[in-house]
$ cat work_24.txt   # compact mmCIF, C-alpha atoms
# COMPACT_ATOMS: atom_id res chain seq x y z
CA MET A 9 23.46 -6.56 -8.61
CA THR A 10 23.09 -8.07 -5.19
CA GLY A 11 20.29 -8.07 -2.65
CA ARG A 12 17.04 -9.80 -1.92
CA LEU A 13 15.35 -8.13 -4.92
CA ALA A 14 18.32 -8.16 -7.28
CA GLY A 15 17.14 -7.85 -10.88
CA LYS A 16 13.51 -7.15 -9.93
CA VAL A 17 11.43 -4.18 -11.10
CA ALA A 18 8.65 -2.75 -8.94
CA LEU A 19 5.81 -0.27 -9.42
CA ILE A 20 4.60 1.36 -6.20
CA SER A 21 1.44 3.46 -6.00
CA GLY A 22 1.45 6.27 -3.48
CA GLY A 23 5.21 6.06 -3.68
CA ALA A 24 6.01 9.69 -2.91
CA GLU A 25 5.73 9.55 0.88
CA GLY A 26 4.84 7.48 3.91
CA LEU A 27 4.72 3.73 3.51
CA GLY A 28 5.25 3.93 -0.24
CA ALA A 29 8.46 5.93 0.11
CA ALA A 30 9.78 3.68 2.88
CA THR A 31 9.05 0.62 0.74
CA ALA A 32 10.77 2.17 -2.28
CA ARG A 33 13.90 2.85 -0.23
CA ALA A 34 13.93 -0.70 1.10
CA PHE A 35 13.45 -2.17 -2.37
CA VAL A 36 16.26 -0.12 -3.91
CA ARG A 37 18.62 -1.04 -1.07
CA GLU A 38 17.92 -4.68 -1.89
CA GLY A 39 18.69 -4.35 -5.59
CA ALA A 40 15.34 -3.51 -7.18
CA ARG A 41 14.57 -0.78 -9.67
CA VAL A 42 11.44 1.13 -8.77
CA MET A 43 8.81 3.25 -10.52
CA LEU A 44 7.13 5.65 -8.10
CA GLY A 45 3.54 6.40 -9.05
CA ASP A 46 1.76 9.22 -7.25
CA ILE A 47 -0.56 12.18 -7.77
CA GLN A 48 2.12 14.19 -5.93
CA LEU A 49 4.48 14.08 -8.88
CA ASP A 50 6.97 16.65 -7.58
CA LYS A 51 7.45 14.67 -4.36
CA ALA A 52 7.78 11.44 -6.31
CA LYS A 53 10.39 12.97 -8.61
CA ALA A 54 12.34 14.27 -5.63
CA LEU A 55 12.44 10.82 -4.08
CA ALA A 56 13.45 9.30 -7.42
CA ARG A 57 16.38 11.72 -7.59
CA GLU A 58 17.37 10.72 -4.06
CA LEU A 59 17.32 7.04 -5.01
CA GLY A 60 19.35 7.57 -8.18
CA GLU A 61 19.31 5.59 -11.41
CA ALA A 62 17.37 2.76 -9.79
CA ALA A 63 14.21 4.87 -9.56
CA ASP A 64 11.88 6.88 -11.76
CA ALA A 65 8.56 8.63 -11.16
CA ILE A 66 5.27 9.10 -12.99
CA LEU A 67 1.98 10.84 -12.33
CA LEU A 68 -0.51 8.19 -11.22
CA ASP A 69 -4.17 8.68 -10.32
CA VAL A 70 -5.12 5.22 -9.06
CA THR A 71 -8.82 5.83 -9.71
CA LEU A 72 -8.24 6.00 -13.49
CA PRO A 73 -7.53 2.81 -15.49
CA ASP A 74 -5.81 4.82 -18.23
CA SER A 75 -3.45 6.32 -15.66
CA TRP A 76 -2.52 2.83 -14.50
CA ASP A 77 -1.94 1.71 -18.09
CA ALA A 78 0.39 4.66 -18.58
CA ALA A 79 2.28 3.85 -15.37
CA VAL A 80 2.84 0.24 -16.43
CA GLU A 81 3.99 1.36 -19.88
CA ALA A 82 6.37 3.89 -18.32
CA THR A 83 7.82 1.17 -16.07
CA LEU A 84 8.46 -1.04 -19.09
CA ARG A 85 10.09 1.85 -20.98
CA SER A 86 12.33 2.77 -18.06
CA PHE A 87 13.28 -0.67 -16.79
CA GLY A 88 12.23 -3.23 -19.41
CA LYS A 89 9.88 -5.36 -17.33
CA LEU A 90 7.62 -5.50 -14.27
CA ASN A 91 7.91 -8.08 -11.47
CA ILE A 92 6.42 -6.46 -8.38
CA LEU A 93 3.31 -4.34 -7.83
CA VAL A 94 2.75 -2.60 -4.49
CA ASN A 95 -0.77 -1.18 -4.22
CA ASN A 96 -0.11 1.32 -1.45
CA ALA A 97 -2.10 4.47 -2.26
CA GLY A 98 -5.00 5.05 0.12
CA ILE A 99 -6.96 7.54 2.19
CA SER A 100 -8.78 7.49 5.52
CA GLU A 101 -11.72 9.76 6.33
CA PRO A 102 -13.47 9.21 9.68
CA GLY A 103 -17.20 8.66 9.94
CA THR A 104 -19.61 6.08 11.30
CA VAL A 105 -22.07 4.28 9.03
CA SER A 106 -24.84 6.73 9.90
CA GLU A 107 -22.63 9.82 9.66
CA VAL A 108 -20.12 9.32 6.84
CA SER A 109 -21.00 11.40 3.79
CA LYS A 110 -21.84 9.69 0.54
CA ASP A 111 -19.04 11.60 -1.16
CA ALA A 112 -16.48 10.42 1.43
CA TRP A 113 -17.72 6.83 1.11
CA ALA A 114 -17.46 6.90 -2.69
CA ARG A 115 -14.05 8.61 -2.64
CA THR A 116 -12.67 6.05 -0.19
CA MET A 117 -13.89 3.15 -2.32
CA ARG A 118 -12.53 4.67 -5.55
CA ILE A 119 -9.05 5.11 -4.12
CA ASN A 120 -8.66 2.28 -1.62
CA LEU A 121 -10.51 -0.51 -3.44
CA ASP A 122 -11.01 0.41 -7.10
CA GLY A 123 -7.42 1.66 -7.22
CA VAL A 124 -6.14 -1.78 -6.20
CA PHE A 125 -8.38 -3.48 -8.77
CA HIS A 126 -7.32 -1.17 -11.62
CA GLY A 127 -3.65 -1.51 -10.67
CA THR A 128 -3.78 -5.28 -10.51
CA GLN A 129 -5.63 -5.57 -13.80
CA ALA A 130 -3.18 -3.22 -15.53
CA ALA A 131 -0.04 -4.85 -14.13
CA LEU A 132 -0.83 -8.55 -14.48
CA PRO A 133 -0.22 -8.85 -18.26
CA ALA A 134 3.23 -7.27 -17.95
CA MET A 135 4.08 -9.39 -14.91
CA VAL A 136 3.07 -12.56 -16.71
CA ALA A 137 4.99 -11.50 -19.81
CA ALA A 138 8.15 -11.06 -17.71
CA GLY A 139 8.21 -14.86 -17.32
CA GLU A 140 9.74 -14.59 -13.84
CA SER A 141 8.51 -14.96 -10.30
CA GLY A 142 6.37 -11.98 -9.41
CA SER A 143 4.58 -10.55 -6.40
CA ILE A 144 1.60 -8.30 -5.77
CA VAL A 145 1.58 -6.69 -2.33
CA ASN A 146 -1.61 -4.89 -1.36
CA LEU A 147 -1.64 -2.54 1.62
CA SER A 148 -4.76 -3.29 3.65
CA SER A 149 -5.11 -2.52 7.37
CA MET A 150 -5.65 -4.13 10.74
CA LEU A 151 -9.03 -2.39 10.50
CA ALA A 152 -9.91 -4.85 7.76
CA LEU A 153 -9.83 -7.53 10.46
CA ARG A 154 -11.13 -5.64 13.50
CA PRO A 155 -13.91 -3.06 13.04
CA GLY A 156 -13.51 0.54 14.13
CA ALA A 157 -16.91 2.23 14.34
CA ILE A 158 -15.72 5.69 13.31
CA PHE A 159 -13.83 4.40 10.25
CA ALA A 160 -16.72 2.68 8.46
CA ALA A 161 -15.66 3.45 4.88
CA TYR A 162 -11.99 2.76 5.55
CA CYS A 163 -12.70 -0.57 7.29
CA ALA A 164 -15.03 -1.71 4.51
CA SER A 165 -12.62 -0.74 1.74
CA LYS A 166 -9.63 -2.41 3.37
CA ALA A 167 -11.59 -5.61 4.11
CA ALA A 168 -12.52 -5.72 0.44
CA VAL A 169 -8.85 -5.28 -0.50
CA ALA A 170 -7.98 -8.34 1.59
CA MET A 171 -10.57 -10.45 -0.23
CA LEU A 172 -9.58 -9.08 -3.65
CA THR A 173 -6.02 -10.10 -2.83
CA LYS A 174 -7.12 -13.67 -2.14
CA CYS A 175 -9.08 -13.80 -5.39
CA THR A 176 -5.98 -12.57 -7.25
CA ALA A 177 -3.82 -15.20 -5.58
CA LEU A 178 -6.22 -17.99 -6.51
CA GLU A 179 -6.45 -16.90 -10.13
CA CYS A 180 -2.68 -16.70 -10.54
CA ALA A 181 -2.21 -20.13 -8.98
CA ALA A 182 -4.99 -21.70 -11.06
CA LYS A 183 -3.47 -20.33 -14.27
CA ALA A 184 0.03 -21.40 -13.21
CA TRP A 185 1.24 -17.82 -13.40
CA PRO A 186 4.38 -17.43 -11.24
CA ILE A 187 2.82 -14.50 -9.39
CA ARG A 188 1.84 -14.36 -5.75
CA ALA A 189 -0.58 -11.92 -4.10
CA ASN A 190 -0.65 -11.06 -0.42
CA SER A 191 -1.95 -8.26 1.79
CA VAL A 192 -0.17 -6.38 4.56
CA HIS A 193 -2.25 -5.14 7.50
CA PRO A 194 -0.57 -2.30 9.40
CA GLY A 195 -1.67 -0.91 12.72
CA ALA A 196 -1.32 2.79 13.53
CA ILE A 197 1.85 3.91 11.77
CA GLU A 198 3.63 7.26 11.95
CA THR A 199 2.86 8.44 8.43
CA PRO A 200 1.42 11.53 6.69
CA MET A 201 -1.95 9.71 6.62
CA LEU A 202 -2.01 9.60 10.39
CA GLU A 203 -0.98 13.26 10.50
CA ARG A 204 -3.86 14.17 8.16
CA TYR A 205 -6.27 12.32 10.45
CA LEU A 206 -4.98 14.33 13.39
CA ALA A 207 -5.47 17.54 11.41
CA MET A 208 -9.13 16.62 10.91
CA ASN A 209 -9.56 16.39 14.68
CA PRO A 210 -8.24 19.72 16.02
CA GLU A 211 -9.81 19.09 19.42
CA LEU A 212 -7.01 16.60 20.06
CA SER A 213 -3.43 17.72 20.56
CA ARG A 214 -0.87 15.81 18.54
CA GLU A 215 0.62 14.42 21.74
CA GLN A 216 -2.79 13.26 23.04
CA ALA A 217 -3.69 11.61 19.77
CA TYR A 218 -0.39 9.75 19.41
CA ALA A 219 -0.56 8.67 23.04
CA GLY A 220 -4.04 7.29 22.42
CA PHE A 221 -2.99 5.34 19.35
CA ALA A 222 0.11 4.03 21.12
CA ALA A 223 -1.95 2.88 24.10
CA SER A 224 -4.26 1.02 21.72
CA HIS A 225 -1.51 -1.40 20.77
CA PRO A 226 -0.39 -4.08 23.25
CA MET A 227 3.20 -3.14 22.42
CA GLY A 228 2.47 0.39 23.63
CA ARG A 229 3.61 2.37 20.60
CA CYS A 230 2.80 3.26 17.02
CA GLY A 231 4.66 1.55 14.23
CA LYS A 232 7.36 2.97 11.95
CA PRO A 233 7.07 3.06 8.14
CA GLU A 234 10.25 1.00 7.90
CA GLU A 235 8.55 -1.84 9.79
CA ILE A 236 5.82 -2.03 7.15
CA ALA A 237 8.39 -1.73 4.37
CA ALA A 238 10.19 -4.76 5.81
CA ALA A 239 7.00 -6.81 5.55
CA CYS A 240 6.49 -5.67 1.96
CA LEU A 241 10.10 -6.56 1.18
CA PHE A 242 9.66 -10.09 2.47
CA LEU A 243 6.47 -10.66 0.47
CA ALA A 244 8.00 -9.15 -2.67
CA SER A 245 11.09 -11.34 -2.44
CA ASP A 246 11.51 -14.96 -3.46
CA GLU A 247 11.88 -15.76 0.24
CA ALA A 248 8.06 -15.76 0.22
CA SER A 249 7.90 -18.11 -2.77
CA PHE A 250 5.33 -20.42 -1.09
CA THR A 251 3.27 -17.59 0.43
CA THR A 252 0.19 -16.39 -1.43
CA GLY A 253 -3.32 -15.30 -0.55
CA THR A 254 -2.36 -14.53 3.02
CA GLU A 255 -2.77 -11.60 5.43
CA LEU A 256 0.39 -10.40 7.15
CA THR A 257 -0.44 -8.27 10.19
CA VAL A 258 2.14 -5.75 11.39
CA ASP A 259 0.12 -4.12 14.14
CA GLY A 260 1.86 -4.36 17.48
CA GLY A 261 -0.51 -7.10 18.61
CA GLY A 262 -3.72 -5.47 17.37
CA PHE A 263 -6.06 -2.98 18.97
CA ILE A 264 -7.03 -3.54 22.58
CA ARG A 265 -9.70 -0.88 22.46
CA GLU A 266 -11.56 1.07 19.79
CA HIS A 267 -10.82 4.55 18.51
$ encode --input "work_24.txt" --output "structure tokens"
Amino acid sequence: MTGRLAGKVALISGGAEGLGAATARAFVREGARVMLGDIQLDKAKALARELGEAADAILLDVTLPDSWDAAVEATLRSFGKLNILVNNAGISEPGTVSEVSKDAWARTMRINLDGVFHGTQAALPAMVAAGESGSIVNLSSMLALRPGAIFAAYCASKAAVAMLTKCTALECAAKAWPIRANSVHPGAIETPMLERYLAMNPELSREQAYAGFAASHPMGRCGKPEEIAAACLFLASDEASFTTGTELTVDGGGFIREH
């Protein structure tokens, strides 16, 4: 095998679509074998078929530790080891601190934050046992670094993911485990998550909403999933061998005004 991830095995949560699917495609192109974990099992299986023998799929509910354990075990059965974990699954439900429902707050934390914790805890033993350089890539957000008033739960969860990533990096380094942990912080990206947000705001036309998000970035556009996948690929590869506990922003220069 050749490629930047030749011989590596990755487990990607939320791997059926959006950033997870783009990352899976990039990883396979660079020589990795990939397990796609998602609650949308049919979509994940379809993508695995597209990617061929280098990919497999499993039902994964990131809020359940047992589901994570099963995903790790399935990865080991299919590919023999685990080197890379991409904690990608996440949701975004708008609401200010005073307006967001308690159910939406709890659901966001279970998926966006607890899911990363459960995934990391489940994957680490297998990654250490592999005895090779490994990488944990956690998808956070630019809204972990710059607050957005109407995304209170999302901002809080993604900021916590960034700090959890740093704690993971420090533990791995202190224990001399050859595993790095870093977070990626996308801006507004053209994904199904963004489309679902637009669907929750029917007063905005799709064109108006996308124009607003594009204008929010100094570069004047929204990002592409492939641009986030490229950042994940770098952090997953041995090219990033001296990079751990850091925040990689891929956000077109940040937000220049709130939404």
$ atom_distance --input "work_24.txt" --atom1 "atom CA of Ala130 of chain A" --atom2 "atom CA of Val80 of chain A"
7.0 Å
$ closest_residue --input "work_24.txt" --among "A:Gly139, A:Gly123, A:Pro73, A:Pro233" --to "Ser21 of chain A" --atoms "all atoms listed in the file"
A:Gly123
$ closest_residue --input "work_24.txt" --among "A:Leu67, A:Ala248, A:Val36, A:Ala237" --to "Lys51 of chain A" --atoms "only C-alpha atoms"
A:Leu67
$ residues_around --input "work_24.txt" --residues "Asn96 of chain A" --least-positions-apart "6" --cutoff "9 Å" --atoms "all atoms listed in the file" --output "number ranges by chain"
A: 20-23, 27-28, 120, 124, 145-148
$ write_last_selection --input "work_24.txt" --atoms "C-alpha atoms" --output "mmCIF file, in the coordinates of the input"
data_model
loop_
_atom_site.group_PDB
_atom_site.id
_atom_site.type_symbol
_atom_site.label_atom_id
_atom_site.label_comp_id
_atom_site.auth_asym_id
_atom_site.auth_seq_id
_atom_site.Cartn_x
_atom_site.Cartn_y
_atom_site.Cartn_z
ATOM 1 C CA ILE A 20 4.600 1.360 -6.200
ATOM 2 C CA SER A 21 1.440 3.460 -6.000
ATOM 3 C CA GLY A 22 1.450 6.270 -3.480
ATOM 4 C CA GLY A 23 5.210 6.060 -3.680
ATOM 5 C CA LEU A 27 4.720 3.730 3.510
ATOM 6 C CA GLY A 28 5.250 3.930 -0.240
ATOM 7 C CA ASN A 120 -8.660 2.280 -1.620
ATOM 8 C CA VAL A 124 -6.140 -1.780 -6.200
ATOM 9 C CA VAL A 145 1.580 -6.690 -2.330
ATOM 10 C CA ASN A 146 -1.610 -4.890 -1.360
ATOM 11 C CA LEU A 147 -1.640 -2.540 1.620
ATOM 12 C CA SER A 148 -4.760 -3.290 3.650
#
$ closest_residue --input "work_24.txt" --among "A:Phe125, A:Trp76, A:Tyr218, A:Phe250" --to "Gly142 of chain A" --atoms "only C-alpha atoms"
A:Phe250
$ atom_distance --input "work_24.txt" --atom1 "atom CA of Ala54 of chain A" --atom2 "atom CA of Gly26 of chain A"
13.9 Å
$ closest_residue --input "work_24.txt" --among "A:Gly261, A:Pro155, A:Gly253, A:Gly15" --to "Ala189 of chain A" --atoms "all atoms listed in the file"
A:Gly253
$ atom_distance --input "work_24.txt" --atom1 "atom CA of Leu256 of chain A" --atom2 "atom CA of Ala168 of chain A"
15.3 Å
$ residues_around --input "work_24.txt" --residues "Ser100 of chain A" --least-positions-apart "5" --cutoff "12 Å" --atoms "all atoms listed in the file" --output "number ranges by chain"
A: 108, 112-117, 119-120, 148-149, 151, 158-166, 196, 200-206, 208
$ closest_residue --input "work_24.txt" --among "A:Leu49, A:Cys240, A:Ala138, A:Val169" --to "Lys16 of chain A" --atoms "all atoms listed in the file"
A:Ala138
$ closest_residue --input "work_24.txt" --among "A:Leu132, A:Ile47, A:Val17, A:Ala97" --to "Ser75 of chain A" --atoms "all atoms listed in the file"
A:Ile47
$ residues_around --input "work_24.txt" --residues "Leu90 of chain A" --least-positions-apart "3" --cutoff "10 Å" --atoms "only C-alpha atoms" --output "JSON list (two decimals) with C-alpha atoms, in the coordinates of the input"
[["chain", "number", "residue", "atom", "x", "y", "z"],
["A", 16, "LYS", "CA", 13.51, -7.15, -9.93],
["A", 17, "VAL", "CA", 11.43, -4.18, -11.10],
["A", 18, "ALA", "CA", 8.65, -2.75, -8.94],
["A", 19, "LEU", "CA", 5.81, -0.27, -9.42],
["A", 41, "ARG", "CA", 14.57, -0.78, -9.67],
["A", 42, "VAL", "CA", 11.44, 1.13, -8.77],
["A", 43, "MET", "CA", 8.81, 3.25, -10.52],
["A", 80, "VAL", "CA", 2.84, 0.24, -16.43],
["A", 81, "GLU", "CA", 3.99, 1.36, -19.88],
["A", 83, "THR", "CA", 7.82, 1.17, -16.07],
["A", 84, "LEU", "CA", 8.46, -1.04, -19.09],
["A", 87, "PHE", "CA", 13.28, -0.67, -16.79],
["A", 93, "LEU", "CA", 3.31, -4.34, -7.83],
["A", 131, "ALA", "CA", -0.04, -4.85, -14.13],
["A", 132, "LEU", "CA", -0.83, -8.55, -14.48],
["A", 133, "PRO", "CA", -0.22, -8.85, -18.26],
["A", 134, "ALA", "CA", 3.23, -7.27, -17.95],
["A", 135, "MET", "CA", 4.08, -9.39, -14.91],
["A", 136, "VAL", "CA", 3.07, -12.56, -16.71],
["A", 137, "ALA", "CA", 4.99, -11.50, -19.81],
["A", 138, "ALA", "CA", 8.15, -11.06, -17.71],
["A", 139, "GLY", "CA", 8.21, -14.86, -17.32],
["A", 140, "GLU", "CA", 9.74, -14.59, -13.84],
["A", 142, "GLY", "CA", 6.37, -11.98, -9.41],
["A", 143, "SER", "CA", 4.58, -10.55, -6.40]]
$ decode --input "work_24.txt" --residues "segment 106-209 of chain A" --atoms "C-alpha atoms" --output "PDB file, in the first residue's frame"
ATOM      1  CA  SER A 106     -32.409  31.864  28.043  1.00  0.00           C
ATOM      2  CA  GLU A 107     -34.348  30.160  25.244  1.00  0.00           C
ATOM      3  CA  VAL A 108     -32.733  26.785  24.520  1.00  0.00           C
ATOM      4  CA  SER A 109     -34.828  23.914  25.850  1.00  0.00           C
ATOM      5  CA  LYS A 110     -33.422  21.659  28.527  1.00  0.00           C
ATOM      6  CA  ASP A 111     -33.958  18.672  26.253  1.00  0.00           C
ATOM      7  CA  ALA A 112     -32.007  20.307  23.405  1.00  0.00           C
ATOM      8  CA  TRP A 113     -29.191  21.252  25.796  1.00  0.00           C
ATOM      9  CA  ALA A 114     -28.945  17.713  27.181  1.00  0.00           C
ATOM     10  CA  ARG A 115     -29.158  16.117  23.723  1.00  0.00           C
ATOM     11  CA  THR A 116     -26.391  18.367  22.391  1.00  0.00           C
ATOM     12  CA  MET A 117     -24.107  17.520  25.303  1.00  0.00           C
ATOM     13  CA  ARG A 118     -24.788  13.770  25.026  1.00  0.00           C
ATOM     14  CA  ILE A 119     -23.886  13.672  21.356  1.00  0.00           C
ATOM     15  CA  ASN A 120     -21.266  16.393  20.925  1.00  0.00           C
ATOM     16  CA  LEU A 121     -19.351  16.032  24.194  1.00  0.00           C
ATOM     17  CA  ASP A 122     -20.199  12.720  25.862  1.00  0.00           C
ATOM     18  CA  GLY A 123     -19.900  11.003  22.484  1.00  0.00           C
ATOM     19  CA  VAL A 124     -16.303  12.184  22.141  1.00  0.00           C
ATOM     20  CA  PHE A 125     -15.502  11.075  25.693  1.00  0.00           C
ATOM     21  CA  HIS A 126     -17.041   7.608  25.237  1.00  0.00           C
ATOM     22  CA  GLY A 127     -15.317   7.172  21.881  1.00  0.00           C
ATOM     23  CA  THR A 128     -11.922   8.172  23.205  1.00  0.00           C
ATOM     24  CA  GLN A 129     -12.218   5.954  26.250  1.00  0.00           C
ATOM     25  CA  ALA A 130     -13.300   2.976  24.141  1.00  0.00           C
ATOM     26  CA  ALA A 131     -10.634   3.419  21.465  1.00  0.00           C
ATOM     27  CA  LEU A 132      -7.544   4.187  23.534  1.00  0.00           C
ATOM     28  CA  PRO A 133      -6.817   0.618  24.746  1.00  0.00           C
ATOM     29  CA  ALA A 134      -6.909  -0.729  21.184  1.00  0.00           C
ATOM     30  CA  MET A 135      -4.796   2.153  19.889  1.00  0.00           C
ATOM     31  CA  VAL A 136      -2.192   1.590  22.583  1.00  0.00           C
ATOM     32  CA  ALA A 137      -2.232  -2.158  21.937  1.00  0.00           C
ATOM     33  CA  ALA A 138      -1.487  -1.529  18.245  1.00  0.00           C
ATOM     34  CA  GLY A 139       1.990  -0.386  19.317  1.00  0.00           C
ATOM     35  CA  GLU A 140       2.166   2.121  16.456  1.00  0.00           C
ATOM     36  CA  SER A 141       1.824   5.866  16.102  1.00  0.00           C
ATOM     37  CA  GLY A 142      -1.810   6.823  16.501  1.00  0.00           C
ATOM     38  CA  SER A 143      -3.985   9.893  16.226  1.00  0.00           C
ATOM     39  CA  ILE A 144      -7.275  11.089  17.695  1.00  0.00           C
ATOM     40  CA  VAL A 145      -8.937  13.856  15.688  1.00  0.00           C
ATOM     41  CA  ASN A 146     -11.907  15.541  17.336  1.00  0.00           C
ATOM     42  CA  LEU A 147     -14.230  17.731  15.296  1.00  0.00           C
ATOM     43  CA  SER A 148     -14.903  20.885  17.293  1.00  0.00           C
ATOM     44  CA  SER A 149     -15.939  24.214  15.735  1.00  0.00           C
ATOM     45  CA  MET A 150     -14.861  27.799  15.294  1.00  0.00           C
ATOM     46  CA  LEU A 151     -17.793  28.464  17.630  1.00  0.00           C
ATOM     47  CA  ALA A 152     -15.741  26.859  20.382  1.00  0.00           C
ATOM     48  CA  LEU A 153     -13.404  29.839  20.062  1.00  0.00           C
ATOM     49  CA  ARG A 154     -15.816  32.661  19.215  1.00  0.00           C
ATOM     50  CA  PRO A 155     -19.254  32.726  20.862  1.00  0.00           C
ATOM     51  CA  GLY A 156     -22.455  32.792  18.843  1.00  0.00           C
ATOM     52  CA  ALA A 157     -25.366  33.881  21.023  1.00  0.00           C
ATOM     53  CA  ILE A 158     -28.002  31.766  19.292  1.00  0.00           C
ATOM     54  CA  PHE A 159     -25.908  28.572  19.461  1.00  0.00           C
ATOM     55  CA  ALA A 160     -25.384  28.406  23.230  1.00  0.00           C
ATOM     56  CA  ALA A 161     -25.476  24.619  23.609  1.00  0.00           C
ATOM     57  CA  TYR A 162     -23.416  24.002  20.479  1.00  0.00           C
ATOM     58  CA  CYS A 163     -20.749  26.552  21.464  1.00  0.00           C
ATOM     59  CA  ALA A 164     -20.480  25.160  24.988  1.00  0.00           C
ATOM     60  CA  SER A 165     -20.259  21.550  23.825  1.00  0.00           C
ATOM     61  CA  LYS A 166     -17.625  22.264  21.192  1.00  0.00           C
ATOM     62  CA  ALA A 167     -15.523  24.353  23.602  1.00  0.00           C
ATOM     63  CA  ALA A 168     -15.593  21.412  25.985  1.00  0.00           C
ATOM     64  CA  VAL A 169     -14.479  19.100  23.166  1.00  0.00           C
ATOM     65  CA  ALA A 170     -11.446  21.322  22.587  1.00  0.00           C
ATOM     66  CA  MET A 171     -10.445  21.098  26.248  1.00  0.00           C
ATOM     67  CA  LEU A 172     -11.130  17.350  26.417  1.00  0.00           C
ATOM     68  CA  THR A 173      -8.815  16.982  23.431  1.00  0.00           C
ATOM     69  CA  LYS A 174      -6.026  18.784  25.268  1.00  0.00           C
ATOM     70  CA  CYS A 175      -6.512  16.600  28.340  1.00  0.00           C
ATOM     71  CA  THR A 176      -6.306  13.506  26.127  1.00  0.00           C
ATOM     72  CA  ALA A 177      -3.117  14.768  24.494  1.00  0.00           C
ATOM     73  CA  LEU A 178      -1.470  15.433  27.850  1.00  0.00           C
ATOM     74  CA  GLU A 179      -2.371  12.011  29.220  1.00  0.00           C
ATOM     75  CA  CYS A 180      -1.029  10.197  26.169  1.00  0.00           C
ATOM     76  CA  ALA A 181       2.213  12.169  26.269  1.00  0.00           C
ATOM     77  CA  ALA A 182       2.658  11.660  30.026  1.00  0.00           C
ATOM     78  CA  LYS A 183       2.181   7.903  29.663  1.00  0.00           C
ATOM     79  CA  ALA A 184       4.495   7.783  26.630  1.00  0.00           C
ATOM     80  CA  TRP A 185       1.710   6.392  24.488  1.00  0.00           C
ATOM     81  CA  PRO A 186       2.488   7.089  20.801  1.00  0.00           C
ATOM     82  CA  ILE A 187      -0.912   8.704  20.321  1.00  0.00           C
ATOM     83  CA  ARG A 188      -1.625  12.329  19.539  1.00  0.00           C
ATOM     84  CA  ALA A 189      -4.911  14.193  20.037  1.00  0.00           C
ATOM     85  CA  ASN A 190      -5.928  17.360  18.227  1.00  0.00           C
ATOM     86  CA  SER A 191      -9.121  19.230  17.418  1.00  0.00           C
ATOM     87  CA  VAL A 192     -10.286  20.664  14.106  1.00  0.00           C
ATOM     88  CA  HIS A 193     -12.410  23.823  14.169  1.00  0.00           C
ATOM     89  CA  PRO A 194     -14.444  24.297  10.984  1.00  0.00           C
ATOM     90  CA  GLY A 195     -16.332  27.409  10.013  1.00  0.00           C
ATOM     91  CA  ALA A 196     -19.627  27.214   8.120  1.00  0.00           C
ATOM     92  CA  ILE A 197     -19.288  24.195   5.838  1.00  0.00           C
ATOM     93  CA  GLU A 198     -21.655  22.980   3.131  1.00  0.00           C
ATOM     94  CA  THR A 199     -22.860  19.830   4.883  1.00  0.00           C
ATOM     95  CA  PRO A 200     -26.168  18.135   5.781  1.00  0.00           C
ATOM     96  CA  MET A 201     -25.840  19.718   9.259  1.00  0.00           C
ATOM     97  CA  LEU A 202     -25.970  23.173   7.728  1.00  0.00           C
ATOM     98  CA  GLU A 203     -28.910  22.099   5.575  1.00  0.00           C
ATOM     99  CA  ARG A 204     -30.763  20.866   8.679  1.00  0.00           C
ATOM    100  CA  TYR A 205     -30.155  24.223  10.347  1.00  0.00           C
ATOM    101  CA  LEU A 206     -31.643  25.963   7.323  1.00  0.00           C
ATOM    102  CA  ALA A 207     -34.669  23.669   7.491  1.00  0.00           C
ATOM    103  CA  MET A 208     -35.253  24.782  11.085  1.00  0.00           C
ATOM    104  CA  ASN A 209     -35.420  28.391   9.914  1.00  0.00           C
TER     105      ASN A 209
END
